[in-house]
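Asks: Questions regarding the structure given below will be posed in turn.
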Amino acid sequence: MADAARLNSDPDRLLFAYWVPNVSGGLVISKIAQRTNWDLASNLRYAAAAERSGFEYALTQIRFTASYGAANQHESVSFSQALLQGTTTLKVIAAILPGPWNPAVAAKQLASIDHYSGGRVAVNIVSGWFKGEFTAIGEWWLDHAERYRRSNEFIRCLRGIWTAPDDGDGFTFAGDFYRFRNYRLSPKPVQQPHPEIFQGGNSDDARANGAEVSDWYFMNGNDLEGFRAQIADVKARAARVGREAHVRFAVNGFVIVRETEAEAVRVLQEIQGKADADAVAAFASEVKHAGASTSNKTGMWATSTFNDLVQYNDGFKTKLIGTREQVAERIVLLKSLGVNLVLTAFLHYEDEIEQFGREVLPLVRQLEAEGRGKDAALEIERTGDVYQKPAP
């Protein structure tokens, strides 16, 4: 832990998180062999390795039904609690779906877990993209704008419940989806003012929620123009409601580090070449429909190709594929664009979390110590070509 503490001593550092493989099939929809397991014992090893290596966050996944290569799924909140019990510094972000969860239940669960863990739980509010999952468990499937409007209310209720003064009248709220009257939660979370609230998406509705109510805005992989436009748009929206200083940005990236760039690219090509074609096609159909239902047709995955969709959240587009030096250089470019946290995923969790902590994270810290990651023009000149939009 001492090495991790030294790595993470700069308050202006970029933060690192990893996707928790609490569902089977890993983080790619591919038949390639993976040294990644979804059971708790394996995940406790991965969490311990991540903590030692300098990762500061982990994100659990929420699935209620088998889908697209994920035949088995452990529930996210209880799994997050188990990981927190097996670690000492790692923050675990529990994914929650409004609809199946009520904000009163979520607020109570997470406040208790915050006490059990010494203030290390966070929450990711997932508005939902899989219609079959909602209908299978008897939940209403709302249209896109209404799902995000419900999430907006859900987040406002979470924050309100967690921050209502103990000596007042409690939390009262009258919305279209949730209503509370003088509700008092006790105990309140350890973290003040409350556990961090993440949410993501690409549509206007998601960007509005990122600006208006979230602490963190998750982005899928993108090209350079897409990253810059998305960050600028959410910042402008946040500024209009006086929250520009309160919103931070996280980006998803699938990491393949090898001794040469050619080796790393061959691994990517093998992942995509061995894609589970039927599962990717079904996933593409589901998410393209979700994206097309947005008001501006720019929902998550709206422009994703078949090869992009082999990784759930366009992680290949983030280009963290190459040598350790190349990946570190690209990460500081992302920081210069306004990214505050990189959410990683790996093919082989048994080895590659520690490899990243051993080979890449120290290089990023070295570059940061040299003043890198602050001048976007400089970083784009050095590294930006790899992020240019592909030719049509």
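Chain labels run A, B, ... following the order of the structure tokens; each chain numbers its residues from 1, and ligands are numbered from 1 in the order shown.
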Mind checking which residues fall within 7 Å of Phe254 (chain A), counting only C-alpha atoms, ignoring those fewer than 6 positions away in the same chain, and posting them as a list in words?

Replies: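 Counting only C-alpha atoms, the residues come to Gly315, Phe316, Leu320, Thr344, Ala345 and Phe346 of chain A.
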
Asks: Let's have the selection written as a compact mmCIF listing (two decimals), in the first residue's frame, with N, CA and C atoms.

Replies:
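Output (selection-v5.txt):
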```txt
# COMPACT_ATOMS: atom_id res chain seq x y z
N GLY A 315 -14.81 0.64 -25.64
CA GLY A 315 -13.51 0.81 -25.01
C GLY A 315 -12.34 0.75 -25.96
N PHE A 316 -12.49 0.09 -27.12
CA PHE A 316 -11.39 0.04 -28.08
C PHE A 316 -11.12 1.42 -28.67
N LEU A 320 -6.21 2.67 -25.85
CA LEU A 320 -5.22 2.31 -24.83
C LEU A 320 -4.64 0.94 -25.19
N THR A 344 -10.83 1.43 -16.66
CA THR A 344 -10.15 0.43 -17.48
C THR A 344 -10.87 -0.92 -17.46
N ALA A 345 -10.58 -1.71 -18.48
CA ALA A 345 -10.99 -3.12 -18.52
C ALA A 345 -9.88 -3.89 -19.21
N PHE A 346 -9.82 -5.19 -18.96
CA PHE A 346 -8.70 -6.01 -19.43
C PHE A 346 -9.21 -7.35 -19.95
```

Asks: Can you list, as a list of chain:residue names, every protein, DNA or RNA residue that comes within 7 Å of Tyr349 (chain A) when you count only C-alpha atoms, leaving out same-chain residues fewer than 3 positions away?

Replies: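 Counting only the stated atoms, we get A:Arg35, A:Thr36, A:Tyr46, A:Phe346, A:Glu352, A:Ile353.
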
Asks: Of the candidates A:Ala5, A:Ala48, A:Ala264, A:Val213, which shows the shortest atom-to-atom distance to Thr323 (chain A), using only C-alpha atoms?

Replies: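 Comparing A:Ala5, A:Ala48, A:Ala264, A:Val213 against Thr323 (chain A), the winner is A:Ala264.
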
Asks: List every residue of region 160-236 of chain A that DSSP, applied to the backbone, labels as alpha helix (DSSP H), and write the result as a list in words.

Replies: Gly160, Ile161, Trp162, Thr163, Asp204, Asp205, Ala206, Arg207, Ala208, Asn209, Gly210, Ala211, Glu212, Leu224, Glu225, Gly226, Phe227, Arg228, Ala229, Gln230, Ile231, Ala232, Asp233, Val234, Lys235 and Ala236 of chain A

Asks: Which residues are close to Thr60 (chain A), i.e. within 7 Å by only C-alpha atoms, leaving aside same-chain residues fewer than 3 positions away? Reply as a list in words.

Replies: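 Counting only the stated atoms, we get Trp19, Val20, Asn22, Ser76, Ser80, Ile93, Ala94 and Ala95 of chain A.
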
Asks: Could you name the residues that touch Ala208 (chain A) at 10 Å or less, counting only C-alpha atoms, but leaving out those on the same chain fewer than 4 positions away, as a ChimeraX atom specification?

Replies: /A:148-149,152,201-204,212-214,233-234,237-238

Asks: Can you list every residue in region 35-120 of chain A that DSSP puts in strand (DSSP E), as a list in words?

Replies: Tyr57, Ala58, Leu59, Lys91, Val92, Ile93, Ala94, Ala95 and Ile96 of chain A

Asks: Near Ser304 (chain A), counting only C-alpha atoms, which residues have an atom at most 10 Å away, once you skip same-chain residues fewer than 5 positions from it, shown as a PyMOL selection string?

Replies: chain A and resi 221-222+284+287-288+309-310+313-314+317

Asks: Please dump the current selection as an mmCIF file, in the first residue's frame; keep C-alpha atoms.

Replies:
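Output (part.cif):
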```cif
data_model
loop_
_atom_site.group_PDB
_atom_site.id
_atom_site.type_symbol
_atom_site.label_atom_id
_atom_site.label_comp_id
_atom_site.auth_asym_id
_atom_site.auth_seq_id
_atom_site.Cartn_x
_atom_site.Cartn_y
_atom_site.Cartn_z
ATOM 1 C CA GLY A 221 -14.798 5.607 -25.935
ATOM 2 C CA ASN A 222 -14.731 8.173 -28.730
ATOM 3 C CA ALA A 284 -26.053 -4.035 -31.604
ATOM 4 C CA VAL A 287 -28.436 -0.568 -28.333
ATOM 5 C CA LYS A 288 -28.944 0.917 -31.796
ATOM 6 C CA LEU A 309 -19.421 -3.283 -29.976
ATOM 7 C CA VAL A 310 -17.284 -6.325 -29.177
ATOM 8 C CA ASN A 313 -18.751 0.588 -23.909
ATOM 9 C CA ASP A 314 -16.678 1.362 -27.002
ATOM 10 C CA LYS A 317 -12.011 3.582 -29.365
#
```

Asks: Figure out the distance between CA of Asn43 (chain A) and CA of Ala82 (chain A), please, to one decimal in Å.

Replies: 9.6 Å

Asks: Hey, which of A:Asn37, A:Gln269, A:Asn340, A:Ser53 ends up closest to Pro11 (chain A)? Count only C-alpha atoms.

Replies: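 Among the listed residues, A:Asn340 lies closest to Pro11 (chain A).
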
Asks: Name the closest residue to Glu244 (chain A) among the candidates A:Glu133, A:Asp205, A:Asp215, A:Asp3; distances are taken between atoms, counting only C-alpha atoms.

Replies: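 Nearest to Glu244 (chain A): A:Asp215.
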
Asks: Skip Phe173 (chain A) itself and residues of its chain fewer than 2 positions away, then list as a ChimeraX atom specification all residues within 12 Å of it, counting only C-alpha atoms.

Replies: /A:103-104,153-161,164,169-171,175-183
